[in-house]
file target_24.cif (mmCIF, C-alpha atoms)
data_entry
loop_
_atom_site.label_atom_id
_atom_site.label_comp_id
_atom_site.auth_asym_id
_atom_site.auth_seq_id
_atom_site.Cartn_x
_atom_site.Cartn_y
_atom_site.Cartn_z
CA MET U 22 97.62 91.36 101.60
CA ILE U 23 101.00 90.76 100.01
CA GLU U 24 102.62 93.22 102.39
CA ALA U 25 101.10 91.41 105.39
CA ILE U 26 102.42 88.07 104.13
CA GLU U 27 105.88 89.58 103.63
CA GLN U 28 105.83 90.96 107.18
CA LEU U 29 104.76 87.56 108.50
CA PHE U 30 107.63 85.77 106.76
CA ALA U 31 110.08 88.47 107.86
CA ALA U 32 108.96 88.10 111.48
CA PHE U 33 109.21 84.31 111.26
CA GLY U 34 112.72 84.58 109.81
CA ALA U 35 113.78 86.98 112.57
CA TYR U 36 112.33 84.58 115.14
CA ILE U 37 114.29 81.63 113.74
CA ILE U 38 117.47 83.75 113.74
CA LEU U 39 116.78 84.60 117.39
CA ILE U 40 116.52 80.91 118.31
CA ILE U 41 119.74 80.04 116.48
CA SER U 42 121.58 82.99 118.02
CA VAL U 43 120.41 82.13 121.54
CA VAL U 44 121.46 78.50 121.16
CA ILE U 45 124.90 79.54 119.89
CA VAL U 46 125.35 82.01 122.75
CA ALA U 47 124.14 79.48 125.34
CA VAL U 48 126.59 76.85 124.07
CA THR U 49 129.65 78.97 123.31
CA LYS U 50 129.36 81.54 126.13
CA PRO U 51 127.09 80.10 128.82
CA PRO U 52 125.58 82.78 131.08
CA HIS U 53 126.58 83.05 134.70
CA TRP U 54 125.06 80.40 136.93
CA ALA U 55 123.43 83.02 139.16
CA LEU U 56 121.37 84.29 136.22
CA ILE U 57 120.23 80.77 135.32
CA ARG U 58 119.47 79.94 138.95
CA ASN U 59 117.28 83.01 139.36
CA GLN U 60 115.33 82.17 136.23
CA MET U 61 114.92 78.54 137.28
CA TYR U 62 113.44 79.76 140.54
CA GLU U 63 111.16 82.20 138.73
CA ILE U 64 110.02 79.75 136.07
CA GLY U 65 110.03 76.53 138.06
CA VAL U 66 109.64 76.98 141.79
CA LEU U 67 107.19 79.88 141.67
CA SER U 68 105.05 78.00 139.14
CA LEU U 69 104.61 74.97 141.39
CA PRO U 70 101.38 76.15 143.11
CA VAL U 71 99.47 76.92 139.91
CA VAL U 72 100.77 73.75 138.23
CA ALA U 73 99.77 71.69 141.26
CA ILE U 74 96.25 73.13 141.30
CA THR U 75 95.86 72.60 137.55
CA GLY U 76 97.16 69.02 137.57
CA PHE U 77 95.24 67.99 140.69
CA SER U 78 91.91 69.42 139.52
CA THR U 79 92.34 67.97 136.02
CA GLY U 80 93.03 64.52 137.48
CA MET U 81 89.91 64.76 139.64
CA VAL U 82 87.76 65.74 136.66
CA LEU U 83 89.20 62.94 134.51
CA ALA U 84 88.59 60.35 137.22
CA ALA U 85 85.05 61.58 137.90
CA GLN U 86 84.13 61.47 134.22
CA ALA U 87 85.90 58.17 133.52
CA TYR U 88 84.34 56.40 136.49
CA PHE U 89 80.87 57.78 135.72
CA GLN U 90 81.04 56.80 132.06
CA LEU U 91 82.66 53.38 132.52
CA SER U 92 81.20 52.02 135.75
CA ASP U 93 77.90 50.91 134.21
CA LYS U 94 79.82 49.13 131.44
CA GLY U 95 82.01 47.13 133.82
CA LEU U 96 85.16 49.08 132.86
CA ALA U 97 85.62 51.19 135.98
CA SER U 98 88.93 49.43 136.65
CA ALA U 99 90.40 51.39 133.71
CA THR U 100 89.88 54.71 135.50
CA GLY U 101 93.40 54.95 136.91
CA LEU U 102 94.95 53.95 133.60
CA MET U 103 92.92 56.52 131.66
CA VAL U 104 93.81 59.31 134.08
CA THR U 105 97.51 58.47 134.03
CA LYS U 106 97.72 58.05 130.25
CA ALA U 107 95.87 61.28 129.59
CA MET U 108 97.99 63.26 132.03
CA MET U 109 101.33 61.86 130.86
CA VAL U 110 100.80 62.05 127.11
CA GLU U 111 98.51 65.02 126.52
CA LEU U 112 96.99 67.07 129.32
CA GLY U 113 100.05 67.24 131.55
CA PRO U 114 102.39 68.84 129.00
CA VAL U 115 99.74 71.08 127.40
CA LEU U 116 98.15 72.41 130.58
CA THR U 117 101.53 72.95 132.20
CA ALA U 118 102.67 74.90 129.14
CA PHE U 119 99.49 76.99 129.30
CA MET U 120 100.01 77.83 132.96
CA VAL U 121 103.67 78.71 132.46
CA THR U 122 102.77 80.87 129.46
CA GLY U 123 100.21 82.81 131.46
CA ARG U 124 102.36 83.19 134.55
CA VAL U 125 105.92 83.41 133.19
CA GLY U 126 105.69 84.09 129.46
CA ALA U 127 103.53 87.19 129.83
CA SER U 128 105.75 88.55 132.60
CA MET U 129 108.87 87.85 130.57
CA CYS U 130 107.51 89.61 127.49
CA ALA U 131 106.38 92.63 129.51
CA GLU U 132 109.75 92.90 131.26
CA LEU U 133 111.78 92.75 128.07
CA GLY U 134 109.29 94.98 126.26
CA THR U 135 109.62 97.63 128.95
CA MET U 136 113.40 97.43 128.72
CA ARG U 137 113.12 97.79 124.97
CA VAL U 138 110.91 100.89 124.91
CA THR U 139 112.92 102.55 127.70
CA GLU U 140 116.17 101.89 125.74
CA GLN U 141 117.71 99.77 128.48
CA ILE U 142 118.60 97.09 125.91
CA ASP U 143 120.41 99.70 123.82
CA ALA U 144 122.27 100.71 126.99
CA LEU U 145 123.43 97.12 127.45
CA ARG U 146 124.78 97.08 123.90
CA SER U 147 126.60 100.36 124.55
CA MET U 148 128.36 98.64 127.46
CA SER U 149 129.39 95.74 125.19
CA ILE U 150 126.92 93.37 126.87
CA ASN U 151 125.14 90.98 124.53
CA PRO U 152 121.40 91.23 125.36
CA LEU U 153 120.84 87.69 124.11
CA GLY U 154 123.49 86.29 126.42
CA TYR U 155 122.44 88.37 129.42
CA LEU U 156 118.66 88.45 129.07
CA VAL U 157 117.49 85.62 126.83
CA ALA U 158 119.99 82.76 127.26
CA PRO U 159 119.43 82.35 131.04
CA ARG U 160 115.67 82.24 130.48
CA PHE U 161 116.11 79.81 127.60
CA ILE U 162 118.26 77.38 129.58
CA ALA U 163 116.01 77.61 132.64
CA GLY U 164 112.87 77.15 130.56
CA ILE U 165 113.95 73.99 128.77
CA ALA U 166 115.17 72.58 132.09
CA MET U 167 112.10 73.39 134.19
CA LEU U 168 109.22 72.67 131.81
CA PRO U 169 109.82 68.88 131.78
CA LEU U 170 110.15 68.87 135.58
CA LEU U 171 106.96 70.89 135.98
CA THR U 172 105.21 68.50 133.60
CA VAL U 173 106.25 65.49 135.68
CA PHE U 174 104.96 67.27 138.79
CA SER U 175 101.67 68.10 137.06
CA CYS U 176 101.21 64.48 135.97
CA LEU U 177 101.91 63.26 139.50
CA MET U 178 99.36 65.68 140.94
CA GLY U 179 96.85 64.55 138.32
CA VAL U 180 97.27 60.90 139.27
CA ILE U 181 96.87 61.82 142.94
CA GLY U 182 93.76 63.86 142.15
CA GLY U 183 92.29 60.93 140.23
CA TYR U 184 93.12 58.63 143.14
CA VAL U 185 91.29 60.88 145.59
CA ILE U 186 88.11 60.82 143.49
CA ALA U 187 88.19 57.18 142.40
CA VAL U 188 89.29 55.61 145.69
CA ASP U 189 88.21 58.00 148.42
CA TYR U 190 85.02 59.33 146.82
CA TYR U 191 83.68 56.50 144.65
CA GLY U 192 85.10 53.72 146.82
CA MET U 193 87.18 51.96 144.17
CA PRO U 194 89.71 49.53 145.68
CA GLN U 195 93.18 51.03 145.82
CA SER U 196 94.71 48.05 144.02
CA THR U 197 92.20 48.43 141.16
CA TYR U 198 93.36 51.99 140.57
CA ILE U 199 97.11 51.44 140.92
CA ASP U 200 97.88 47.85 139.81
CA PRO U 201 97.23 48.33 136.04
CA LEU U 202 99.65 51.25 135.82
CA PRO U 203 103.02 49.39 135.82
CA THR U 204 101.64 46.93 133.25
CA HIS U 205 100.12 49.32 130.74
CA ILE U 206 102.12 52.54 131.14
CA GLU U 207 104.99 52.38 128.65
CA THR U 208 108.29 54.20 128.46
CA PHE U 209 106.97 55.63 125.20
CA ASP U 210 104.25 57.48 127.13
CA PHE U 211 106.84 59.15 129.35
CA ILE U 212 109.05 60.01 126.38
CA SER U 213 106.08 61.56 124.55
CA GLY U 214 105.29 63.83 127.49
CA MET U 215 108.90 64.88 127.95
CA VAL U 216 109.46 65.63 124.26
CA LYS U 217 106.36 67.82 124.23
CA ALA U 218 107.39 69.57 127.44
CA PHE U 219 110.87 70.29 126.05
CA VAL U 220 109.51 71.69 122.78
CA PHE U 221 106.89 73.75 124.60
CA GLY U 222 109.61 75.18 126.84
CA VAL U 223 111.59 76.31 123.80
CA LEU U 224 108.51 77.85 122.19
CA ILE U 225 107.27 79.69 125.29
CA ILE U 226 110.62 81.26 126.13
CA THR U 227 111.64 82.19 122.61
CA ILE U 228 108.26 83.58 121.53
CA SER U 229 107.88 85.62 124.70
CA CYS U 230 111.42 86.98 124.46
CA TYR U 231 111.08 87.72 120.75
CA LYS U 232 107.87 89.68 121.24
CA GLY U 233 109.45 91.53 124.13
CA LEU U 234 112.63 92.42 122.24
CA THR U 235 110.68 93.67 119.22
CA THR U 236 108.24 95.82 121.21
CA THR U 237 107.58 99.34 119.95
CA GLY U 238 105.10 102.06 120.83
CA GLY U 239 105.72 102.80 124.48
CA ALA U 240 103.49 101.50 127.27
CA ALA U 241 100.65 100.67 124.90
CA GLY U 242 103.07 98.66 122.77
CA VAL U 243 104.16 96.66 125.81
CA GLY U 244 100.55 95.73 126.47
CA ARG U 245 99.98 94.70 122.86
CA SER U 246 103.18 92.64 122.74
CA THR U 247 102.31 90.84 125.98
CA THR U 248 98.81 89.98 124.79
CA ASN U 249 100.06 88.86 121.38
CA SER U 250 102.79 86.71 122.91
CA VAL U 251 100.30 84.82 125.09
CA VAL U 252 97.84 84.28 122.23
CA ILE U 253 100.61 83.16 119.87
CA CYS U 254 102.07 80.79 122.47
CA TYR U 255 98.69 79.18 123.13
CA SER U 256 98.01 78.73 119.42
CA VAL U 257 101.47 77.41 118.61
CA ILE U 258 101.38 75.00 121.57
CA LEU U 259 98.11 73.46 120.35
CA ILE U 260 99.30 73.14 116.76
CA THR U 261 102.71 71.81 117.78
CA ASN U 262 101.12 69.32 120.17
CA PHE U 263 99.09 67.87 117.30
CA LEU U 264 102.11 67.63 115.00
CA ILE U 265 104.34 66.07 117.68
CA THR U 266 101.62 63.54 118.50
CA LEU U 267 101.40 62.47 114.87
CA GLY U 268 105.18 62.28 114.55
CA LEU U 269 105.75 60.31 117.74
CA ASN U 270 102.92 57.89 117.05
CA GLY U 271 104.31 57.28 113.59
CA ALA U 272 107.77 56.60 115.05
CA HIS U 273 106.45 54.51 117.96
CA ASP U 274 108.13 51.25 116.89
CA TYR U 275 111.49 52.94 116.26
CA ILE U 276 111.44 54.71 119.62
CA VAL U 277 110.52 51.54 121.51
CA THR U 278 113.28 49.60 119.74
CA PHE U 279 115.84 52.32 120.49
CA VAL U 280 114.90 52.35 124.18
CA ARG U 281 115.12 48.59 124.44
CA ILE U 282 118.54 48.50 122.79
CA TRP U 283 120.15 51.31 124.77
CA PHE U 284 118.31 51.20 128.07
#

call {"tool": "encode", "arguments": {"input": "target_24.cif", "output": "structure tokens"}}
result
Amino acid sequence: MIEAIEQLFAAFGAYIILIISVVIVAVTKPPHWALIRNQMYEIGVLSLPVVAITGFSTGMVLAAQAYFQLSDKGLASATGLMVTKAMMVELGPVLTAFMVTGRVGASMCAELGTMRVTEQIDALRSMSINPLGYLVAPRFIAGIAMLPLLTVFSCLMGVIGGYVIAVDYYGMPQSTYIDPLPTHIETFDFISGMVKAFVFGVLIITISCYKGLTTTGGAAGVGRSTTNSVVICYSVILITNFLITLGLNGAHDYIVTFVRIWF
């Protein structure tokens, strides 16, 4: 038991060192733009279809449930607001992070894990190439840039999906669905979603890369590392989402005041 706890703390310390090292490398010696561009395409553009399907279907489900539950209580006009709030603050960032973890994080871990067990990473070091700067930093920069954008896209698709169900299927007036949004959607809601998306981007990329770089045991080890990275990412995303929600809600007044002063 004690040995397992020691290994857990050692792994956590190595993970934190990895994050710090990647940030330092990304700031002091930014990777070539071509490497970042390729990763932005891989992480962002190629994830658009699955993110669109997830956001659109989630918005439809939210609208169907909200309208069904609220219509007999005279509150059906809140359907659009509920869909938009839920997508912007909670479901958009979390579901987007889940989809990116399954599509990109697993692939990233498997790729780096294969390079690790086949000694390709050691070969890079022998050629005086920093693996963190060449392999991890481009993914890190691309991940923290694309996750917020993918989250915005997911939220937009969710609102459209809710509109299709509420307006086209249930016959709600278009103005009833759309008009409450500018009044009740706050800048704080957008900031909450973007903060979560940014943090999730950091977690997905760093956890996947860490598990890949520490892979041992040949092909079987690559499979284990990939599975573990996905499970860990999902768990950490859910826990972090809860903590960020508590923190942001507690700092709501300060954030609103800051936005009003500076923007």

call {"tool": "residues_around", "arguments": {"input": "target_24.cif", "residues": "Met167 in chain U", "least_positions_apart": "5", "cutoff": "10 Å", "atoms": "all atoms listed in the file", "output": "PDB file with C-alpha atoms, keeping the file's coordinate frame"}}
result
ATOM      1  CA  GLN U  60     115.330  82.170 136.230  1.00  0.00           C
ATOM      2  CA  MET U  61     114.920  78.540 137.280  1.00  0.00           C
ATOM      3  CA  TYR U  62     113.440  79.760 140.540  1.00  0.00           C
ATOM      4  CA  GLU U  63     111.160  82.200 138.730  1.00  0.00           C
ATOM      5  CA  ILE U  64     110.020  79.750 136.070  1.00  0.00           C
ATOM      6  CA  GLY U  65     110.030  76.530 138.060  1.00  0.00           C
ATOM      7  CA  VAL U  66     109.640  76.980 141.790  1.00  0.00           C
ATOM      8  CA  SER U  68     105.050  78.000 139.140  1.00  0.00           C
ATOM      9  CA  ILE U 162     118.260  77.380 129.580  1.00  0.00           C
ATOM     10  CA  THR U 172     105.210  68.500 133.600  1.00  0.00           C
ATOM     11  CA  VAL U 173     106.250  65.490 135.680  1.00  0.00           C
ATOM     12  CA  ALA U 218     107.390  69.570 127.440  1.00  0.00           C
ATOM     13  CA  PHE U 219     110.870  70.290 126.050  1.00  0.00           C
ATOM     14  CA  GLY U 222     109.610  75.180 126.840  1.00  0.00           C
TER      15      GLY U 222
END

call {"tool": "resolve_selection", "arguments": {"input": "target_24.cif", "expression": "the PyMOL selection byres ((chain U and resi 264-280) around 9)", "output": "MDAnalysis selection string"}}
result
chainID U and resid 110:111 208:209 212:213 216:217 259:263 281:284

call {"tool": "resolve_selection", "arguments": {"input": "target_24.cif", "expression": "the PyMOL selection byres ((chain U and resi 53) around 12)", "output": "PyMOL selection string"}}
result
chain U and resi 47+50-52+54-60+154-156+158-160+162

call {"tool": "resolve_selection", "arguments": {"input": "target_24.cif", "expression": "the PyMOL selection byres ((chain U and resi 83) around 9)", "output": "JSON, numbers by chain"}}
result
{"U": [78, 79, 80, 81, 82, 84, 85, 86, 87, 88, 100, 103, 104, 107, 179, 182, 183]}

call {"tool": "residues_around", "arguments": {"input": "target_24.cif", "residues": "Leu96 in chain U", "least_positions_apart": "5", "cutoff": "12 Å", "atoms": "all atoms listed in the file", "output": "list of chain:residue names"}}
result
U:Ala87, U:Tyr88, U:Phe89, U:Gln90, U:Leu91, U:Gly101, U:Leu102, U:Met103, U:Met193, U:Thr197, U:Tyr198

call {"tool": "atom_distance", "arguments": {"input": "target_24.cif", "atom1": "CA of Ala35 in chain U", "atom2": "CA of Ala131 in chain U"}}
result
19.3 Å

call {"tool": "residues_around", "arguments": {"input": "target_24.cif", "residues": "Arg124 in chain U", "least_positions_apart": "4", "cutoff": "10 Å", "atoms": "only C-alpha atoms", "output": "PyMOL selection string"}}
result
chain U and resi 63-64+67-68+71+118-120+128-129+251

call {"tool": "closest_residue", "arguments": {"input": "target_24.cif", "among": "U:Met178, U:Leu234, U:Cys130, U:Ile165", "to": "Ser250 in chain U", "atoms": "all atoms listed in the file"}}
result
U:Cys130
